[in-house]
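One structure is given here, and the rest of the page talks about it.
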Amino acid sequence: MCERKLSEAVRIVERREIPANAKMIHGLPDVGLVGVIAVSQIISQLKMVEVAYLDSDLIPPIIVLHNGLPHSPIRIFGQDDLLVLISEIAIPAGFLQPLMRAIVDWMDEKGVETAISLGGIATPNRQNIESPKVFGAGSNELSLKILREKEINIMKRGFLVGSQALILHYCAEKDITAIALLAQSFYNYPDPEAAAAVISALNQIVKVPVNVSELLEKGEEVRLRMRDIMRRTQSELVRMRKSQEYDIPHYYVA
Amino acid sequence: MWPERGDENTMRRRRSIFDIIREYMEEFERATEEVLSAFEQPSWNLETHSLQPLFNISVTADEVIVTADLPYADPKTLKIESVDENLIEITAKMRVKVRFEDFGVSHREGEFSSFHSRIPLPVPVDASRAKASFRRGILEVRLPRRRGYRIRVE
């Protein structure tokens, strides 16, 4: 009941018509900012436009100025039948559930065909990994079938914490096909190489004409620019107990 | 034996478990706020033209591993100093100068050309035996933990 009320406290305001049967890519701040870096690249290279934004009393009183005008820090961009969700701020851990419920309700209402959430899986020896591997998890049998067809390693057991966990959970409830793609990444350093790896995996599922070599070339610049949002995201990761993803699952409960 | 009214010390000893929990929570909140207020500072310093790098500390049974993300750092200028046994200082010059303008910010002025951070260590270390490496823009310092006496098992 309470959760229901909270999700109603999140408004998604549409600025343009939302196409039916769209595919929606999510890039919210998490380990290595993998999702945010990946979707920023997609939005800027495809020159996508803002189609909707999120408004809620539950997030801090903050706006982002672009060319002197205010914007919501959490927005949805679009082009043809592709939608992209991005946040320019670290999302307070306590706000993730109402936010993700509202997003999933909205996707259901708009008839979004597939949701693909991009992110990272913190890997302690990341520094010694040349090409990060990408793993996938799904909300239903169809999403697992897609992962198998595209030969993306499926995360069979273990814990997921954060927005990617919630998107799979809430989409499973509504039988929306959702896929989480997670590249091996640093925990608290912006990881453009992991973002490039996750874009390549995404491209096997949804064709997104994005040049990842450009992202890799400006890796240092990305790491410098993302320092502050990474710092703030890190404190939210502590609050949501992200480290539980390192835990080894106990006895098997099917 | 009831304490006499006004006897502060005796009164303090007679706290209930709830008082202890409340005091503990208050102390915890104060400590959290202290950490948060330290956090509510910019990650840059205009006077020293320096940026604070992102860093990470992990503690194993044998060592403390400190890493720092130093994009654009010139490896030749990297300096790691042990300030005391609980604190190390990392500085590095950057290969480029960055200005607020480069980030599209027009309401602040200033440029940055180095990284600077003082990192508190959670356990005592022997900094004289520390080793450091710098790969792909990430500094890694491995500091052996201070050893005590070995206790014999009988």
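FYI, nothing fancy with the structure tokens labels: chains A, B, ... in order, residues from 1 per chain, ligands from 1 as they appear.
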
Need the shell around stretch 55-70 of chain A: protein/DNA/RNA residues with any atom at most 12 Å away, counting only C-alpha atoms. Skip same-chain ones fewer than 2 positions apart. Format as a VMD selection string? (chain A and resid 5 to 14 52 to 53 72 to 76 87 to 99 102 to 103) or (chain B and resid 103 to 107)

Out of stretch 54-209 of chain A, which residues get strand (DSSP E) from DSSP, as an MDAnalysis selection string? chainID A and resid 54:56 64:66 69:71 74:79 82:87 114:122 134:138 153:154 177:185

Produce a table with one row for each residue of chain A that has an atom at most 10 Å from any atom of chain B, each row naming the nearest atom pair and its distance in Å at one decimal; use only C-alpha atoms; arrange rows by chain and rising residue number; format as JSON lines.
```
{"residue": "A:Leu65", "atom": "CA", "partner": "B:Val105", "partner_atom": "CA", "distance": 9.9}
{"residue": "A:His66", "atom": "CA", "partner": "B:Gly104", "partner_atom": "CA", "distance": 9.1}
{"residue": "A:Asn67", "atom": "CA", "partner": "B:Gly104", "partner_atom": "CA", "distance": 9.2}
{"residue": "A:Gln127", "atom": "CA", "partner": "B:Arg135", "partner_atom": "CA", "distance": 7.8}
{"residue": "A:Asn128", "atom": "CA", "partner": "B:Arg135", "partner_atom": "CA", "distance": 9.1}
{"residue": "A:Tyr187", "atom": "CA", "partner": "B:Asn56", "partner_atom": "CA", "distance": 9.1}
{"residue": "A:Asn188", "atom": "CA", "partner": "B:Asn56", "partner_atom": "CA", "distance": 7.5}
{"residue": "A:Tyr189", "atom": "CA", "partner": "B:Asp69", "partner_atom": "CA", "distance": 6.6}
{"residue": "A:Pro190", "atom": "CA", "partner": "B:Asp69", "partner_atom": "CA", "distance": 8.8}
{"residue": "A:Gly219", "atom": "CA", "partner": "B:Pro71", "partner_atom": "CA", "distance": 8.5}
{"residue": "A:Glu220", "atom": "CA", "partner": "B:Pro71", "partner_atom": "CA", "distance": 5.0}
{"residue": "A:Glu221", "atom": "CA", "partner": "B:Pro71", "partner_atom": "CA", "distance": 7.4}
{"residue": "A:Val222", "atom": "CA", "partner": "B:Pro71", "partner_atom": "CA", "distance": 8.9}
{"residue": "A:Arg223", "atom": "CA", "partner": "B:Pro71", "partner_atom": "CA", "distance": 6.4}
{"residue": "A:Leu224", "atom": "CA", "partner": "B:Pro71", "partner_atom": "CA", "distance": 6.2}
{"residue": "A:Arg225", "atom": "CA", "partner": "B:Phe103", "partner_atom": "CA", "distance": 7.4}
{"residue": "A:Arg227", "atom": "CA", "partner": "B:Leu54", "partner_atom": "CA", "distance": 6.8}
{"residue": "A:Asp228", "atom": "CA", "partner": "B:Ser43", "partner_atom": "CA", "distance": 7.1}
{"residue": "A:Met230", "atom": "CA", "partner": "B:Leu54", "partner_atom": "CA", "distance": 8.2}
{"residue": "A:Arg231", "atom": "CA", "partner": "B:Leu54", "partner_atom": "CA", "distance": 7.1}
{"residue": "A:Arg232", "atom": "CA", "partner": "B:Phe39", "partner_atom": "CA", "distance": 9.0}
{"residue": "A:Ser235", "atom": "CA", "partner": "B:Leu36", "partner_atom": "CA", "distance": 9.6}
```

Now that the selection is made, can you save its residues with N, CA, C and O atoms as a PDB file, in the first residue's frame?
```pdb
ATOM      1  N   LEU A  65      21.127  22.653 -15.323  1.00  0.00           N
ATOM      2  CA  LEU A  65      21.029  23.724 -16.329  1.00  0.00           C
ATOM      3  C   LEU A  65      21.743  23.291 -17.606  1.00  0.00           C
ATOM      4  O   LEU A  65      22.877  22.814 -17.561  1.00  0.00           O
ATOM      5  N   HIS A  66      21.037  23.408 -18.716  1.00  0.00           N
ATOM      6  CA  HIS A  66      21.665  23.203 -20.023  1.00  0.00           C
ATOM      7  C   HIS A  66      21.329  24.427 -20.856  1.00  0.00           C
ATOM      8  O   HIS A  66      20.140  24.751 -21.013  1.00  0.00           O
ATOM      9  N   ASN A  67      22.350  25.122 -21.331  1.00  0.00           N
ATOM     10  CA  ASN A  67      22.163  26.378 -22.056  1.00  0.00           C
ATOM     11  C   ASN A  67      21.280  27.350 -21.280  1.00  0.00           C
ATOM     12  O   ASN A  67      20.406  28.014 -21.842  1.00  0.00           O
ATOM     13  N   GLN A 127      41.452  -4.123 -12.774  1.00  0.00           N
ATOM     14  CA  GLN A 127      42.629  -3.466 -13.337  1.00  0.00           C
ATOM     15  C   GLN A 127      43.438  -4.405 -14.235  1.00  0.00           C
ATOM     16  O   GLN A 127      44.125  -3.958 -15.145  1.00  0.00           O
ATOM     17  N   ASN A 128      43.335  -5.709 -13.950  1.00  0.00           N
ATOM     18  CA  ASN A 128      44.107  -6.670 -14.742  1.00  0.00           C
ATOM     19  C   ASN A 128      43.309  -7.262 -15.892  1.00  0.00           C
ATOM     20  O   ASN A 128      43.762  -8.181 -16.563  1.00  0.00           O
ATOM     21  N   TYR A 187      34.487  -0.713  -9.139  1.00  0.00           N
ATOM     22  CA  TYR A 187      33.380  -0.415  -8.236  1.00  0.00           C
ATOM     23  C   TYR A 187      33.141   1.097  -8.183  1.00  0.00           C
ATOM     24  O   TYR A 187      32.036   1.563  -8.472  1.00  0.00           O
ATOM     25  N   ASN A 188      34.190   1.845  -7.870  1.00  0.00           N
ATOM     26  CA  ASN A 188      33.965   3.289  -7.668  1.00  0.00           C
ATOM     27  C   ASN A 188      34.828   4.166  -8.575  1.00  0.00           C
ATOM     28  O   ASN A 188      35.127   5.297  -8.201  1.00  0.00           O
ATOM     29  N   TYR A 189      35.234   3.643  -9.735  1.00  0.00           N
ATOM     30  CA  TYR A 189      35.892   4.484 -10.742  1.00  0.00           C
ATOM     31  C   TYR A 189      35.084   4.425 -12.027  1.00  0.00           C
ATOM     32  O   TYR A 189      34.704   3.327 -12.454  1.00  0.00           O
ATOM     33  N   PRO A 190      34.826   5.587 -12.645  1.00  0.00           N
ATOM     34  CA  PRO A 190      34.083   5.564 -13.909  1.00  0.00           C
ATOM     35  C   PRO A 190      34.818   4.670 -14.909  1.00  0.00           C
ATOM     36  O   PRO A 190      36.038   4.769 -15.037  1.00  0.00           O
ATOM     37  N   GLY A 219      38.510   8.228 -23.103  1.00  0.00           N
ATOM     38  CA  GLY A 219      38.351   7.569 -21.799  1.00  0.00           C
ATOM     39  C   GLY A 219      38.784   8.432 -20.623  1.00  0.00           C
ATOM     40  O   GLY A 219      38.080   8.532 -19.628  1.00  0.00           O
ATOM     41  N   GLU A 220      39.962   9.079 -20.758  1.00  0.00           N
ATOM     42  CA  GLU A 220      40.479   9.879 -19.636  1.00  0.00           C
ATOM     43  C   GLU A 220      39.557  11.064 -19.348  1.00  0.00           C
ATOM     44  O   GLU A 220      39.301  11.404 -18.198  1.00  0.00           O
ATOM     45  N   GLU A 221      39.066  11.678 -20.416  1.00  0.00           N
ATOM     46  CA  GLU A 221      38.176  12.824 -20.247  1.00  0.00           C
ATOM     47  C   GLU A 221      36.893  12.387 -19.526  1.00  0.00           C
ATOM     48  O   GLU A 221      36.413  13.058 -18.613  1.00  0.00           O
ATOM     49  N   VAL A 222      36.363  11.229 -19.950  1.00  0.00           N
ATOM     50  CA  VAL A 222      35.140  10.707 -19.322  1.00  0.00           C
ATOM     51  C   VAL A 222      35.392  10.471 -17.829  1.00  0.00           C
ATOM     52  O   VAL A 222      34.583  10.860 -16.979  1.00  0.00           O
ATOM     53  N   ARG A 223      36.551   9.868 -17.507  1.00  0.00           N
ATOM     54  CA  ARG A 223      36.851   9.572 -16.102  1.00  0.00           C
ATOM     55  C   ARG A 223      36.958  10.847 -15.273  1.00  0.00           C
ATOM     56  O   ARG A 223      36.515  10.888 -14.117  1.00  0.00           O
ATOM     57  N   LEU A 224      37.511  11.889 -15.863  1.00  0.00           N
ATOM     58  CA  LEU A 224      37.650  13.156 -15.149  1.00  0.00           C
ATOM     59  C   LEU A 224      36.284  13.824 -14.934  1.00  0.00           C
ATOM     60  O   LEU A 224      35.970  14.290 -13.844  1.00  0.00           O
ATOM     61  N   ARG A 225      35.475  13.827 -15.998  1.00  0.00           N
ATOM     62  CA  ARG A 225      34.158  14.473 -15.913  1.00  0.00           C
ATOM     63  C   ARG A 225      33.209  13.760 -14.958  1.00  0.00           C
ATOM     64  O   ARG A 225      32.301  14.374 -14.405  1.00  0.00           O
ATOM     65  N   ARG A 227      33.876  12.219 -12.163  1.00  0.00           N
ATOM     66  CA  ARG A 227      34.393  12.070 -10.809  1.00  0.00           C
ATOM     67  C   ARG A 227      33.347  12.387  -9.737  1.00  0.00           C
ATOM     68  O   ARG A 227      33.148  11.629  -8.797  1.00  0.00           O
ATOM     69  N   ASP A 228      32.687  13.525  -9.882  1.00  0.00           N
ATOM     70  CA  ASP A 228      31.773  13.958  -8.817  1.00  0.00           C
ATOM     71  C   ASP A 228      30.527  13.081  -8.718  1.00  0.00           C
ATOM     72  O   ASP A 228      30.117  12.713  -7.616  1.00  0.00           O
ATOM     73  N   MET A 230      30.357  10.047  -9.595  1.00  0.00           N
ATOM     74  CA  MET A 230      30.820   8.747  -9.085  1.00  0.00           C
ATOM     75  C   MET A 230      30.926   8.781  -7.564  1.00  0.00           C
ATOM     76  O   MET A 230      30.509   7.860  -6.879  1.00  0.00           O
ATOM     77  N   ARG A 231      31.487   9.874  -7.047  1.00  0.00           N
ATOM     78  CA  ARG A 231      31.656  10.054  -5.599  1.00  0.00           C
ATOM     79  C   ARG A 231      30.301   9.966  -4.890  1.00  0.00           C
ATOM     80  O   ARG A 231      30.135   9.289  -3.887  1.00  0.00           O
ATOM     81  N   ARG A 232      29.324  10.658  -5.459  1.00  0.00           N
ATOM     82  CA  ARG A 232      28.001  10.668  -4.818  1.00  0.00           C
ATOM     83  C   ARG A 232      27.289   9.329  -5.004  1.00  0.00           C
ATOM     84  O   ARG A 232      26.560   8.882  -4.121  1.00  0.00           O
ATOM     85  N   SER A 235      28.365   6.805  -2.336  1.00  0.00           N
ATOM     86  CA  SER A 235      27.719   6.805  -1.015  1.00  0.00           C
ATOM     87  C   SER A 235      26.328   6.180  -1.071  1.00  0.00           C
ATOM     88  O   SER A 235      25.885   5.576  -0.095  1.00  0.00           O
TER      89      SER A 235
END
```

Determine, counting only C-alpha atoms, which protein, DNA and RNA residues have an atom within 9 Å of an atom of B:Val123; residues of the same chain fewer than 2 positions away are not included. Present the result as a list in words.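 Here the qualifying residues turn out to be Val59, Val64, Glu85, Asn86, Leu121, Val125, Arg145 and Arg146 of chain B.
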
Where does DSSP see alpha helix (DSSP H) in chain B, if you list the residues as a ChimeraX atom specification? /B:8-13,17-39

Which residues are close to stretch 114-121 of chain A, i.e. within 6 Å by only C-alpha atoms, leaving aside same-chain residues fewer than 6 positions away? Reply as a list in words.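 So, after excluding close chain neighbours, the residues are Lys23, Met24, Ile25, His26, Gly27, Val31, Val34, Gly35, Thr177, Ala178, Ile179, Ala180, Leu181, Leu182, Ala183, Gln184 and Ser185 of chain A.
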
Written file, previous selection with C-alpha atoms, as an mmCIF file, in the first residue's frame:
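Written output follows (result33.cif):
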```
data_model
loop_
_atom_site.group_PDB
_atom_site.id
_atom_site.type_symbol
_atom_site.label_atom_id
_atom_site.label_comp_id
_atom_site.auth_asym_id
_atom_site.auth_seq_id
_atom_site.Cartn_x
_atom_site.Cartn_y
_atom_site.Cartn_z
ATOM 1 C CA LYS A 23 12.617 -0.553 -26.969
ATOM 2 C CA MET A 24 13.858 1.240 -23.887
ATOM 3 C CA ILE A 25 17.480 1.366 -22.717
ATOM 4 C CA HIS A 26 18.184 2.277 -19.096
ATOM 5 C CA GLY A 27 21.403 3.885 -17.860
ATOM 6 C CA VAL A 31 29.100 0.742 -10.094
ATOM 7 C CA VAL A 34 28.792 1.944 -16.748
ATOM 8 C CA GLY A 35 25.150 2.514 -17.690
ATOM 9 C CA THR A 177 10.629 -8.599 -21.360
ATOM 10 C CA ALA A 178 13.569 -6.967 -19.602
ATOM 11 C CA ILE A 179 17.260 -7.711 -19.860
ATOM 12 C CA ALA A 180 20.049 -6.474 -17.617
ATOM 13 C CA LEU A 181 23.479 -6.368 -19.252
ATOM 14 C CA LEU A 182 26.400 -6.055 -16.848
ATOM 15 C CA ALA A 183 30.040 -5.601 -17.839
ATOM 16 C CA GLN A 184 32.903 -6.391 -15.467
ATOM 17 C CA SER A 185 33.813 -3.006 -14.039
#
```

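Take atom CA of A:Thr233 and atom CA of A:Gly32: the distance between them is 9.3 Å.
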
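Shortest separation to B:Asn45 among B:Gly110, B:Tyr149, B:Pro144, B:Lys131 occurs at residue B:Gly110, atoms counted being only C-alpha atoms.
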
Close residues, B:Pro120 itself excluded, 10 Å, only C-alpha atoms, min 5 positions apart in chain, as a ChimeraX atom specification: /B:57,83-89

Quick one: write out the picked residues with all heavy atoms as an mmCIF file, in the first residue's frame?
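Output saved as part.cif:
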```cif
data_model
loop_
_atom_site.group_PDB
_atom_site.id
_atom_site.type_symbol
_atom_site.label_atom_id
_atom_site.label_comp_id
_atom_site.auth_asym_id
_atom_site.auth_seq_id
_atom_site.Cartn_x
_atom_site.Cartn_y
_atom_site.Cartn_z
ATOM 1 N N ILE B 57 40.174 2.019 -0.641
ATOM 2 C CA ILE B 57 41.076 1.352 0.305
ATOM 3 C C ILE B 57 40.535 -0.045 0.563
ATOM 4 O O ILE B 57 39.351 -0.199 0.850
ATOM 5 C CB ILE B 57 41.110 2.095 1.667
ATOM 6 C CG1 ILE B 57 41.469 3.567 1.448
ATOM 7 C CG2 ILE B 57 42.077 1.434 2.632
ATOM 8 C CD1 ILE B 57 41.235 4.426 2.676
ATOM 9 N N VAL B 83 52.713 10.384 5.482
ATOM 10 C CA VAL B 83 52.710 11.551 6.392
ATOM 11 C C VAL B 83 52.928 11.078 7.828
ATOM 12 O O VAL B 83 53.755 11.595 8.549
ATOM 13 C CB VAL B 83 51.395 12.348 6.261
ATOM 14 C CG1 VAL B 83 51.390 13.526 7.209
ATOM 15 C CG2 VAL B 83 51.186 12.797 4.830
ATOM 16 N N ASP B 84 52.151 10.101 8.248
ATOM 17 C CA ASP B 84 52.448 9.363 9.474
ATOM 18 C C ASP B 84 51.906 7.952 9.276
ATOM 19 O O ASP B 84 51.480 7.622 8.174
ATOM 20 C CB ASP B 84 51.887 10.060 10.729
ATOM 21 C CG ASP B 84 50.388 10.185 10.715
ATOM 22 O OD1 ASP B 84 49.728 9.198 10.339
ATOM 23 O OD2 ASP B 84 49.863 11.256 11.062
ATOM 24 N N GLU B 85 51.923 7.140 10.310
ATOM 25 C CA GLU B 85 51.586 5.739 10.047
ATOM 26 C C GLU B 85 50.114 5.513 9.669
ATOM 27 O O GLU B 85 49.743 4.440 9.231
ATOM 28 C CB GLU B 85 51.988 4.844 11.223
ATOM 29 C CG GLU B 85 51.198 5.077 12.483
ATOM 30 C CD GLU B 85 51.486 3.990 13.513
ATOM 31 O OE1 GLU B 85 52.501 3.278 13.358
ATOM 32 O OE2 GLU B 85 50.685 3.866 14.440
ATOM 33 N N ASN B 86 49.307 6.561 9.849
ATOM 34 C CA ASN B 86 47.887 6.414 9.508
ATOM 35 C C ASN B 86 47.460 7.229 8.296
ATOM 36 O O ASN B 86 46.270 7.354 8.021
ATOM 37 C CB ASN B 86 47.018 6.848 10.690
ATOM 38 C CG ASN B 86 47.297 6.031 11.910
ATOM 39 O OD1 ASN B 86 47.437 4.815 11.804
ATOM 40 N ND2 ASN B 86 47.420 6.688 13.041
ATOM 41 N N LEU B 87 48.404 7.843 7.618
ATOM 42 C CA LEU B 87 48.017 8.791 6.574
ATOM 43 C C LEU B 87 49.032 8.778 5.432
ATOM 44 O O LEU B 87 50.230 8.892 5.671
ATOM 45 C CB LEU B 87 47.985 10.189 7.210
ATOM 46 C CG LEU B 87 47.270 11.312 6.482
ATOM 47 C CD1 LEU B 87 45.773 11.035 6.418
ATOM 48 C CD2 LEU B 87 47.511 12.640 7.198
ATOM 49 N N ILE B 88 48.538 8.641 4.205
ATOM 50 C CA ILE B 88 49.462 8.820 3.084
ATOM 51 C C ILE B 88 48.963 9.952 2.186
ATOM 52 O O ILE B 88 47.760 10.248 2.141
ATOM 53 C CB ILE B 88 49.712 7.542 2.248
ATOM 54 C CG1 ILE B 88 48.435 7.027 1.592
ATOM 55 C CG2 ILE B 88 50.405 6.450 3.039
ATOM 56 C CD1 ILE B 88 48.717 6.021 0.486
ATOM 57 N N GLU B 89 49.910 10.566 1.507
ATOM 58 C CA GLU B 89 49.576 11.699 0.651
ATOM 59 C C GLU B 89 49.955 11.336 -0.781
ATOM 60 O O GLU B 89 51.058 10.847 -1.034
ATOM 61 C CB GLU B 89 50.370 12.921 1.106
ATOM 62 C CG GLU B 89 49.976 14.181 0.357
ATOM 63 C CD GLU B 89 50.664 15.408 0.927
ATOM 64 O OE1 GLU B 89 51.910 15.457 0.884
ATOM 65 O OE2 GLU B 89 49.966 16.300 1.417
#
```

Atom CA of B:Thr48 sits from atom CA of B:Glu101 at a separation of 18.0 Å
